[in-house]
$ cat run33.cif   # mmCIF, C-alpha atoms and all ligand atoms
data_input
loop_
_atom_site.label_atom_id
_atom_site.label_comp_id
_atom_site.auth_asym_id
_atom_site.auth_seq_id
_atom_site.Cartn_x
_atom_site.Cartn_y
_atom_site.Cartn_z
CA MET A 45 -28.19 4.37 -17.30
CA ALA A 46 -24.49 3.47 -17.33
CA GLU A 47 -23.33 0.64 -15.09
CA THR A 48 -22.75 1.81 -11.52
CA ILE A 49 -20.84 0.67 -8.43
CA PRO A 50 -21.68 1.30 -4.75
CA VAL A 51 -19.10 3.78 -3.43
CA LEU A 52 -18.58 4.54 0.27
CA GLU A 53 -15.68 6.92 0.02
CA ILE A 54 -13.22 8.41 -2.44
CA PHE A 55 -10.20 10.04 -0.84
CA GLY A 56 -6.61 11.11 -1.36
CA PRO A 57 -4.04 11.65 -2.47
CA THR A 58 -2.42 9.78 0.40
CA ILE A 59 0.20 7.07 0.66
CA GLN A 60 -0.62 3.42 0.19
CA GLY A 61 0.00 2.22 3.73
CA GLU A 62 0.16 -1.51 3.04
CA GLY A 63 1.74 -4.24 0.99
CA MET A 64 3.41 -4.44 -2.39
CA VAL A 65 3.39 -0.71 -3.22
CA ILE A 66 3.62 0.70 0.31
CA GLY A 67 4.52 4.37 0.19
CA GLN A 68 3.03 4.91 -3.27
CA LYS A 69 1.10 8.17 -3.64
CA THR A 70 -2.43 7.13 -4.49
CA MET A 71 -6.12 7.95 -4.46
CA PHE A 72 -8.56 5.47 -2.86
CA ILE A 73 -11.96 4.31 -4.01
CA ARG A 74 -13.71 2.30 -1.28
CA THR A 75 -16.66 0.20 -2.44
CA ALA A 76 -19.49 -1.04 -0.23
CA GLY A 77 -20.32 -4.68 0.47
CA CYS A 78 -18.34 -7.74 1.48
CA ASP A 79 -18.92 -11.50 1.30
CA TYR A 80 -16.85 -11.89 4.51
CA SER A 81 -17.32 -10.51 8.02
CA CYS A 82 -13.85 -10.65 9.59
CA SER A 83 -13.95 -10.28 13.39
CA TRP A 84 -11.26 -7.57 13.28
CA CYS A 85 -12.20 -5.81 10.02
CA ASP A 86 -10.95 -2.21 10.14
CA SER A 87 -13.48 -1.24 7.47
CA ALA A 88 -16.57 -2.96 8.87
CA PHE A 89 -18.66 0.10 7.98
CA THR A 90 -18.49 -1.13 4.37
CA TRP A 91 -20.66 -4.15 5.19
CA ASP A 92 -22.22 -3.92 8.69
CA GLY A 93 -24.94 -1.44 7.75
CA SER A 94 -23.59 1.38 9.92
CA ALA A 95 -22.78 3.56 6.87
CA LYS A 96 -25.54 2.39 4.54
CA ASN A 97 -26.85 5.93 4.14
CA GLU A 98 -23.46 7.06 2.82
CA ILE A 99 -23.39 4.62 -0.11
CA ILE A 100 -23.59 6.36 -3.49
CA GLN A 101 -24.15 4.51 -6.76
CA MET A 102 -21.68 6.01 -9.23
CA ASP A 103 -20.87 5.32 -12.87
CA ALA A 104 -17.36 5.55 -14.31
CA GLU A 105 -17.80 9.18 -15.32
CA GLN A 106 -18.92 10.19 -11.81
CA VAL A 107 -16.06 8.28 -10.18
CA TRP A 108 -13.56 10.03 -12.44
CA ALA A 109 -15.19 13.42 -11.76
CA GLU A 110 -14.91 12.90 -7.99
CA LEU A 111 -11.30 11.67 -8.20
CA THR A 112 -10.27 14.79 -10.12
CA ARG A 113 -12.43 17.09 -8.00
CA ILE A 114 -10.52 16.14 -4.86
CA GLY A 115 -7.19 15.01 -6.36
CA GLY A 116 -6.80 17.51 -9.20
CA ASN A 117 -3.76 16.53 -11.26
CA ARG A 118 -1.93 15.38 -8.14
CA PHE A 119 -2.27 11.66 -8.76
CA SER A 120 -1.30 8.94 -11.26
CA HIS A 121 -2.27 5.92 -9.18
CA VAL A 122 -5.65 4.77 -7.83
CA THR A 123 -6.28 1.99 -5.31
CA VAL A 124 -9.64 0.25 -5.21
CA SER A 125 -10.53 -1.33 -1.87
CA GLY A 126 -13.64 -2.11 0.14
CA GLY A 127 -15.43 -4.16 1.29
CA ASN A 128 -14.70 -6.62 -1.45
CA PRO A 129 -14.48 -4.83 -4.82
CA ALA A 130 -14.20 -8.24 -6.48
CA LEU A 131 -17.96 -8.64 -5.97
CA LEU A 132 -18.49 -5.94 -8.60
CA LYS A 133 -18.62 -7.01 -12.22
CA ASN A 134 -19.52 -3.37 -12.97
CA LEU A 135 -16.08 -2.15 -11.94
CA GLN A 136 -14.97 -2.85 -15.53
CA PRO A 137 -15.95 0.59 -16.97
CA VAL A 138 -14.28 2.37 -14.04
CA ILE A 139 -11.06 0.47 -14.75
CA ALA A 140 -11.33 1.23 -18.46
CA ARG A 141 -11.76 4.94 -17.70
CA LEU A 142 -8.69 5.00 -15.42
CA LYS A 143 -6.63 3.17 -18.06
CA GLU A 144 -7.74 5.68 -20.69
CA LYS A 145 -6.35 8.41 -18.39
CA ASP A 146 -3.03 6.52 -17.96
CA ILE A 147 -3.69 5.93 -14.27
CA GLU A 148 -2.04 2.93 -12.61
CA ILE A 149 -4.54 0.78 -10.73
CA ALA A 150 -4.19 -1.24 -7.53
CA LEU A 151 -6.85 -3.45 -6.00
CA GLU A 152 -7.30 -5.05 -2.57
CA THR A 153 -9.34 -8.23 -2.25
CA GLN A 154 -9.39 -11.37 -0.11
CA GLY A 155 -9.29 -13.93 -2.95
CA SER A 156 -12.84 -15.26 -2.60
CA ARG A 157 -14.00 -14.16 -6.07
CA TYR A 158 -12.54 -13.67 -9.55
CA GLN A 159 -13.49 -11.04 -12.11
CA ASP A 160 -12.27 -10.85 -15.72
CA TRP A 161 -11.05 -7.29 -15.09
CA PHE A 162 -8.42 -8.64 -12.61
CA THR A 163 -6.08 -8.96 -15.61
CA GLU A 164 -6.17 -5.16 -16.05
CA ILE A 165 -5.00 -4.38 -12.51
CA ASP A 166 -1.36 -3.26 -12.15
CA ASP A 167 -0.94 -4.08 -8.44
CA LEU A 168 -3.30 -6.85 -7.35
CA THR A 169 -3.17 -7.64 -3.63
CA ILE A 170 -4.83 -10.89 -2.59
CA SER A 171 -5.27 -11.16 1.16
CA PRO A 172 -6.53 -14.58 2.37
CA LYS A 173 -7.87 -14.44 5.89
CA PRO A 174 -6.20 -16.25 8.82
CA PRO A 175 -8.08 -18.18 11.57
CA SER A 176 -8.37 -15.17 13.93
CA SER A 177 -10.70 -13.52 11.38
CA GLY A 178 -13.28 -16.30 11.82
CA MET A 179 -13.34 -16.75 8.01
CA LYS A 180 -12.39 -19.84 6.00
CA THR A 181 -10.38 -19.60 2.78
CA ASP A 182 -11.59 -21.61 -0.21
CA PHE A 183 -8.23 -22.68 -1.63
CA ASP A 184 -9.84 -23.97 -4.85
CA VAL A 185 -11.11 -20.47 -5.61
CA LEU A 186 -7.79 -18.91 -4.59
CA SER A 187 -5.84 -21.29 -6.83
CA SER A 188 -8.19 -20.66 -9.75
CA ILE A 189 -7.51 -16.92 -9.48
CA PHE A 190 -3.77 -17.49 -9.89
CA THR A 191 -4.38 -19.95 -12.74
CA ARG A 192 -6.44 -17.40 -14.63
CA LEU A 193 -3.89 -14.64 -14.09
CA ARG A 194 -1.14 -16.98 -15.30
CA ASP A 195 -3.17 -17.93 -18.38
CA ALA A 196 -3.69 -14.24 -19.15
CA GLY A 197 0.04 -13.52 -18.71
CA THR A 198 -0.54 -11.08 -15.83
CA LEU A 199 0.51 -13.15 -12.82
CA SER A 200 3.41 -10.77 -12.16
CA SER A 201 0.93 -8.08 -11.06
CA ALA A 202 -0.20 -10.19 -8.08
CA SER A 203 1.00 -10.43 -4.50
CA LEU A 204 -0.24 -12.18 -1.36
CA LYS A 205 -0.69 -10.38 1.94
CA VAL A 206 -1.70 -12.16 5.15
CA VAL A 207 -2.60 -10.27 8.32
CA VAL A 208 -1.18 -11.89 11.46
CA PHE A 209 -2.47 -11.55 15.04
CA ASN A 210 -1.05 -14.70 16.64
CA ALA A 211 0.97 -17.91 16.16
CA GLU A 212 -1.97 -19.74 14.57
CA ASP A 213 -2.34 -16.97 12.00
CA LEU A 214 1.37 -17.17 11.25
CA ALA A 215 1.08 -20.93 10.66
CA PHE A 216 -1.79 -20.22 8.22
CA ALA A 217 0.31 -17.53 6.51
CA LYS A 218 3.14 -20.01 6.11
CA LYS A 219 0.80 -22.54 4.53
CA VAL A 220 -0.36 -19.91 2.03
CA HIS A 221 3.23 -18.94 1.19
CA LEU A 222 4.34 -22.56 0.73
CA THR A 223 1.27 -23.29 -1.43
CA TYR A 224 2.07 -20.39 -3.79
CA PRO A 225 5.86 -20.03 -3.51
CA GLY A 226 6.21 -17.94 -6.68
CA ILE A 227 3.89 -15.15 -5.55
CA PRO A 228 5.53 -12.20 -3.71
CA PHE A 229 4.50 -12.62 -0.08
CA TYR A 230 3.77 -9.98 2.56
CA LEU A 231 3.03 -10.38 6.25
CA GLN A 232 1.08 -7.56 7.85
CA VAL A 233 0.71 -6.68 11.51
CA GLY A 234 -2.86 -7.02 12.75
CA ASN A 235 -4.55 -4.09 14.50
CA ASP A 236 -6.70 -5.49 17.32
CA ASP A 237 -8.11 -2.15 18.47
CA THR A 238 -9.84 -0.60 15.46
CA ALA A 239 -12.00 1.65 17.68
CA THR A 240 -9.48 3.50 19.83
CA THR A 241 -8.77 7.18 19.29
CA ASN A 242 -5.64 7.03 21.45
CA ASP A 243 -3.14 7.14 18.57
CA GLU A 244 -0.04 7.12 20.79
CA ALA A 245 -1.07 3.99 22.68
CA LEU A 246 -2.13 2.27 19.46
CA MET A 247 1.20 3.07 17.81
CA LYS A 248 3.08 1.59 20.77
CA THR A 249 1.03 -1.62 20.72
CA LEU A 250 1.37 -1.99 16.96
CA MET A 251 5.14 -1.43 17.06
CA SER A 252 5.57 -4.14 19.69
CA ARG A 253 3.38 -6.52 17.64
CA TYR A 254 5.55 -5.67 14.63
CA GLN A 255 8.68 -6.56 16.61
CA TRP A 256 7.10 -9.86 17.65
CA LEU A 257 6.23 -10.69 14.04
CA ILE A 258 9.73 -9.82 12.84
CA ASP A 259 11.29 -12.00 15.57
CA GLU A 260 9.11 -14.96 14.56
CA VAL A 261 9.95 -14.60 10.88
CA MET A 262 13.69 -14.25 11.52
CA GLU A 263 13.69 -17.61 13.33
CA ASP A 264 11.76 -19.49 10.64
CA GLU A 265 13.72 -21.10 7.81
CA GLN A 266 10.56 -21.51 5.71
CA LEU A 267 9.95 -17.76 5.77
CA ASN A 268 13.07 -16.48 4.05
CA LEU A 269 11.48 -14.81 1.03
CA VAL A 270 8.85 -12.74 2.78
CA ARG A 271 8.38 -9.05 3.55
CA VAL A 272 7.14 -8.03 6.98
CA LEU A 273 5.23 -4.74 7.18
CA PRO A 274 3.05 -2.69 9.50
CA GLN A 275 0.03 -0.72 8.29
CA LEU A 276 1.92 2.53 7.80
CA HIS A 277 -1.24 4.68 7.67
CA THR A 278 -2.36 3.32 11.06
CA LEU A 279 0.99 4.20 12.63
CA LEU A 280 0.68 7.70 11.16
CA TRP A 281 -3.01 8.47 11.61
CA GLY A 282 -4.47 5.79 13.89
CA ASN A 283 -7.96 4.52 13.07
CA LYS A 284 -9.00 7.69 11.23
CA ARG A 285 -11.18 7.12 8.16
CA GLY A 286 -10.35 8.57 4.75
CA VAL A 287 -6.54 8.68 5.06
C1 LIG A 301 -10.41 -3.59 4.64
S1 LIG A 301 -9.71 -4.77 3.57
C2 LIG A 301 -10.61 -4.53 2.05
C3 LIG A 301 -10.17 -5.44 0.94
C4 LIG A 301 -10.55 -6.92 1.06
N1 LIG A 301 -11.85 -7.11 1.60
C5 LIG A 301 -9.52 -7.65 1.89
O1 LIG A 301 -9.79 -7.94 3.04
O2 LIG A 301 -8.45 -7.92 1.36
C6 LIG A 301 -8.10 -4.07 3.15
C7 LIG A 301 -6.93 -4.71 3.86
O3 LIG A 301 -6.99 -4.39 5.23
C8 LIG A 301 -6.63 -5.52 5.98
N2 LIG A 301 -7.16 -5.39 7.32
C9 LIG A 301 -8.46 -5.31 7.67
N3 LIG A 301 -8.60 -5.18 9.01
C10 LIG A 301 -7.36 -5.17 9.52
C11 LIG A 301 -6.84 -5.07 10.85
N4 LIG A 301 -7.64 -4.96 11.92
N5 LIG A 301 -5.49 -5.10 11.00
C12 LIG A 301 -4.67 -5.22 9.93
N6 LIG A 301 -5.10 -5.31 8.66
C13 LIG A 301 -6.43 -5.30 8.45
C14 LIG A 301 -7.23 -6.66 5.19
O4 LIG A 301 -6.66 -7.91 5.52
C15 LIG A 301 -6.89 -6.24 3.78
O5 LIG A 301 -5.61 -6.68 3.44
N1 LIG A 302 -3.39 4.98 3.44
C1 LIG A 302 -4.12 3.86 3.35
N2 LIG A 302 -3.54 2.74 2.86
C2 LIG A 302 -4.33 1.63 2.74
N3 LIG A 302 -3.98 0.44 2.24
C3 LIG A 302 -5.05 -0.38 2.23
C4 LIG A 302 -6.13 0.30 2.74
C5 LIG A 302 -7.49 -0.29 2.77
O1 LIG A 302 -8.29 0.07 3.62
O2 LIG A 302 -7.74 -1.14 1.93
C6 LIG A 302 -5.68 1.59 3.07
C7 LIG A 302 -6.27 2.78 3.62
O3 LIG A 302 -7.44 2.87 4.00
N4 LIG A 302 -5.44 3.87 3.71
S1 LIG A 303 -12.66 -9.43 3.74
FE1 LIG A 303 -11.77 -7.39 3.95
S2 LIG A 303 -13.50 -5.93 3.97
FE2 LIG A 303 -14.34 -8.00 4.16
S3 LIG A 303 -14.64 -8.24 6.35
FE3 LIG A 303 -12.60 -9.08 5.89
S4 LIG A 303 -11.11 -7.40 6.09
FE4 LIG A 303 -13.21 -6.52 6.07
MG MG A 304 -7.77 -0.04 5.64
#
$ encode --input "run33.cif" --output "structure tokens"
Amino acid sequence: MAETIPVLEIFGPTIQGEGMVIGQKTMFIRTAGCDYSCSWCDSAFTWDGSAKNEIIQMDAEQVWAELTRIGGNRFSHVTVSGGNPALLKNLQPVIARLKEKDIEIALETQGSRYQDWFTEIDDLTISPKPPSSGMKTDFDVLSSIFTRLRDAGTLSSASLKVVVFNAEDLAFAKKVHLTYPGIPFYLQVGNDDTATTNDEALMKTLMSRYQWLIDEVMEDEQLNLVRVLPQLHTLLWGNKRGV
């Protein structure tokens, strides 16, 4: 049996709603399982057991078949997220298959694990977690990821993205930025109501949080080379899954 990965959903094409390639037309592969349990995780179903019956073990061929079944020829970019896809050594054949098909590949991970296939990712988003998440970043692991990418000559594919809910999170984000000044740095508005179905109210709250974050960054002379973004998909579609 070929190597498989646990898949929770494959969807798209849609726009990448976050970070370094925001707006990019892309397909998503969402893997199951995470080594973290962030208090505000908007994808908790990937690790809290609530969707365990939806997990399908798929090999590279099956992943490609599903991508083309739903995306046809209407995509050239695939984003892998989770959960933490960096837990999966077996993602290698999936990445190889996408490369073979000339598909650009993005990956979302929190920077707690390294995999050799990181060097084959075109847009690698590393998202260390701030205090409000309840998680603690291992900066030795994070630094070793950047060292390995640099050694492989692929550091330019990487960016950092920190989600911010409050002033303490922003101080953490600043520490991350100042520790890795050469890595493109994104601040992202935190969504503190991942359950609501009131899209209008959520959009209003998120826009005012976005304004707060912008105001803070504008006043801070150590945050001059940063990009401040909302989660565009949440503004457009609220907490809906699979968009
Ligand atoms: C669901 S995570 C999956 C990838 C990986 N585990 C990670 O956290 O980077 C994808 C992105 O969504 C962000 N995210 C999760 N919950 C969020 C929330 N409530 N508000 C804003 N961003 C959130 C994460 O920080 C991460 O950048
Ligand atoms: N449109 C859209 N953009 C996204 N960017 C990161 C996502 C994620 O859940 O990792 C995501 C997602 O779920 N949908
Ligand atoms: S690391 Fe990512 S997937 Fe895991 S709990 Fe945190 S936000 Fe959710
Ligand atoms: Mg998401």
$ residues_around --input "run33.cif" --residues "stretch 255-269 of chain A" --least-positions-apart "6" --cutoff "8 Å" --atoms "all atoms listed in the file" --output "PyMOL selection string"
chain A and resi 208+218+229+233
$ closest_residue --input "run33.cif" --among "A:Gly226, A:Leu111, A:Val220, A:Lys145" --to "A:Ser200" --atoms "only C-alpha atoms"
A:Gly226
$ residues_near_ligand --input "run33.cif" --ligand "ligand LIG 302 (chain A)" --cutoff "7 Å" --atoms "all atoms listed in the file" --output "MDAnalysis selection string"
chainID A and resid 58:62 87 125:126 152 277 286:287
$ closest_residue --input "run33.cif" --among "A:Ala211, A:Glu244, A:Leu222, A:Ser176" --to "A:Cys82" --atoms "all atoms listed in the file"
A:Ser176
$ closest_residue --input "run33.cif" --among "A:Leu132, A:Ile227, A:Ile100, A:Leu250" --to "A:Leu279" --atoms "all atoms listed in the file"
A:Leu250
$ residues_near_point --input "run33.cif" --point "(-19.8, -9.6, -1.5)" --cutoff "7 Å" --atoms "only C-alpha atoms" --output "PyMOL selection string"
chain A and resi 77-79+128+131
$ residues_around --input "run33.cif" --residues "A:Ile189" --least-positions-apart "6" --cutoff "12 Å" --atoms "all atoms listed in the file" --output "PyMOL selection string"
chain A and resi 130+153-163+168-170+182-183+195-196+198-199+202-204+224
$ atom_distance --input "run33.cif" --atom1 "atom CA of A:Asp92" --atom2 "atom CA of A:Gly234"
20.0 Å
$ atom_distance --input "run33.cif" --atom1 "atom CA of A:Glu164" --atom2 "atom CA of A:Ala46"
20.3 Å
$ residues_near_point --input "run33.cif" --point "(3.5, -2.6, 0.2)" --cutoff "10 Å" --atoms "only C-alpha atoms" --output "MDAnalysis selection string"
chainID A and resid 60:68 167 169 203 205 230:232 271:276
$ residues_around --input "run33.cif" --residues "A:Thr241" --least-positions-apart "5" --cutoff "10 Å" --atoms "all atoms listed in the file" --output "PyMOL selection string"
chain A and resi 246+281-284
$ write_last_selection --input "run33.cif" --atoms "C-alpha atoms" --output "tab-separated table (two decimals), in the coordinates of the input"
chain	number	residue	atom	x	y	z
A	246	LEU	CA	-2.13	2.27	19.46
A	281	TRP	CA	-3.01	8.47	11.61
A	282	GLY	CA	-4.47	5.79	13.89
A	283	ASN	CA	-7.96	4.52	13.07
A	284	LYS	CA	-9.00	7.69	11.23
$ atom_distance --input "run33.cif" --atom1 "atom CA of A:Glu110" --atom2 "atom CA of A:Ser81"
28.5 Å
$ closest_residue --input "run33.cif" --among "A:Arg194, A:Ala215, A:Gly127, A:Asp166" --to "A:Cys85" --atoms "only C-alpha atoms"
A:Gly127
$ residues_around --input "run33.cif" --residues "A:Glu53" --least-positions-apart "3" --cutoff "12 Å" --atoms "only C-alpha atoms" --output "PyMOL selection string"
chain A and resi 49-50+56+71-76+87+89-90+95-102+107+110-111+114+123-127+285-287
$ build_atoms --input "run33.cif" --residues "stretch 70-81 of chain A" --atoms "all heavy atoms" --output "compact mmCIF listing (two decimals), keeping the file's coordinate frame"
# COMPACT_ATOMS: atom_id res chain seq x y z
N THR A 70 -1.26 7.72 -3.84
CA THR A 70 -2.43 7.13 -4.49
C THR A 70 -3.73 7.77 -4.02
O THR A 70 -3.79 8.35 -2.95
CB THR A 70 -2.47 5.59 -4.22
OG1 THR A 70 -3.46 4.96 -5.05
CG2 THR A 70 -2.79 5.28 -2.75
N MET A 71 -4.74 7.65 -4.85
CA MET A 71 -6.12 7.95 -4.46
C MET A 71 -6.77 6.63 -4.06
O MET A 71 -6.35 5.57 -4.51
CB MET A 71 -6.91 8.55 -5.63
CG MET A 71 -6.36 9.85 -6.19
SD MET A 71 -6.49 11.24 -5.06
CE MET A 71 -8.26 11.54 -5.07
N PHE A 72 -7.82 6.68 -3.22
CA PHE A 72 -8.56 5.47 -2.86
C PHE A 72 -10.02 5.58 -3.27
O PHE A 72 -10.65 6.63 -3.11
CB PHE A 72 -8.52 5.24 -1.34
CG PHE A 72 -7.28 4.53 -0.88
CD1 PHE A 72 -6.13 5.24 -0.55
CD2 PHE A 72 -7.25 3.14 -0.79
CE1 PHE A 72 -4.98 4.59 -0.14
CE2 PHE A 72 -6.10 2.48 -0.38
CZ PHE A 72 -4.96 3.20 -0.05
N ILE A 73 -10.53 4.48 -3.81
CA ILE A 73 -11.96 4.31 -4.01
C ILE A 73 -12.36 3.14 -3.12
O ILE A 73 -11.82 2.05 -3.26
CB ILE A 73 -12.30 3.92 -5.47
CG1 ILE A 73 -11.77 4.96 -6.46
CG2 ILE A 73 -13.82 3.71 -5.64
CD1 ILE A 73 -11.85 4.50 -7.93
N ARG A 74 -13.29 3.40 -2.15
CA ARG A 74 -13.71 2.30 -1.28
C ARG A 74 -15.15 1.92 -1.61
O ARG A 74 -16.06 2.73 -1.46
CB ARG A 74 -13.59 2.68 0.20
CG ARG A 74 -13.78 1.45 1.11
CD ARG A 74 -13.68 1.77 2.58
NE ARG A 74 -12.44 2.38 2.99
CZ ARG A 74 -11.27 1.75 3.13
NH1 ARG A 74 -11.19 0.46 2.87
NH2 ARG A 74 -10.21 2.41 3.51
N THR A 75 -15.33 0.68 -2.06
CA THR A 75 -16.66 0.20 -2.44
C THR A 75 -17.36 -0.42 -1.24
O THR A 75 -16.73 -0.84 -0.27
CB THR A 75 -16.56 -0.83 -3.58
OG1 THR A 75 -15.79 -1.96 -3.13
CG2 THR A 75 -15.90 -0.23 -4.81
N ALA A 76 -18.67 -0.48 -1.32
CA ALA A 76 -19.49 -1.04 -0.23
C ALA A 76 -19.80 -2.51 -0.51
O ALA A 76 -19.92 -2.93 -1.65
CB ALA A 76 -20.79 -0.25 -0.10
N GLY A 77 -19.90 -3.28 0.58
CA GLY A 77 -20.32 -4.68 0.47
C GLY A 77 -19.17 -5.65 0.58
O GLY A 77 -18.11 -5.44 -0.02
N CYS A 78 -19.36 -6.70 1.38
CA CYS A 78 -18.34 -7.74 1.48
C CYS A 78 -19.03 -9.09 1.68
O CYS A 78 -20.07 -9.18 2.33
CB CYS A 78 -17.39 -7.47 2.65
SG CYS A 78 -15.91 -8.52 2.57
N ASP A 79 -18.42 -10.14 1.12
CA ASP A 79 -18.92 -11.50 1.30
C ASP A 79 -18.34 -12.14 2.57
O ASP A 79 -18.72 -13.25 2.93
CB ASP A 79 -18.61 -12.36 0.07
CG ASP A 79 -17.19 -12.21 -0.44
OD1 ASP A 79 -16.61 -11.10 -0.30
OD2 ASP A 79 -16.64 -13.18 -0.99
N TYR A 80 -17.40 -11.45 3.23
CA TYR A 80 -16.85 -11.89 4.51
C TYR A 80 -17.34 -10.97 5.62
O TYR A 80 -17.93 -9.92 5.36
CB TYR A 80 -15.30 -11.84 4.49
CG TYR A 80 -14.59 -12.97 3.80
CD1 TYR A 80 -15.23 -13.88 2.97
CD2 TYR A 80 -13.20 -13.12 3.97
CE1 TYR A 80 -14.53 -14.91 2.35
CE2 TYR A 80 -12.50 -14.14 3.34
CZ TYR A 80 -13.17 -15.04 2.52
OH TYR A 80 -12.47 -16.04 1.90
N SER A 81 -17.05 -11.38 6.87
CA SER A 81 -17.32 -10.51 8.02
C SER A 81 -16.22 -10.79 9.05
O SER A 81 -16.49 -11.38 10.10
CB SER A 81 -18.71 -10.80 8.59
OG SER A 81 -18.86 -12.20 8.82
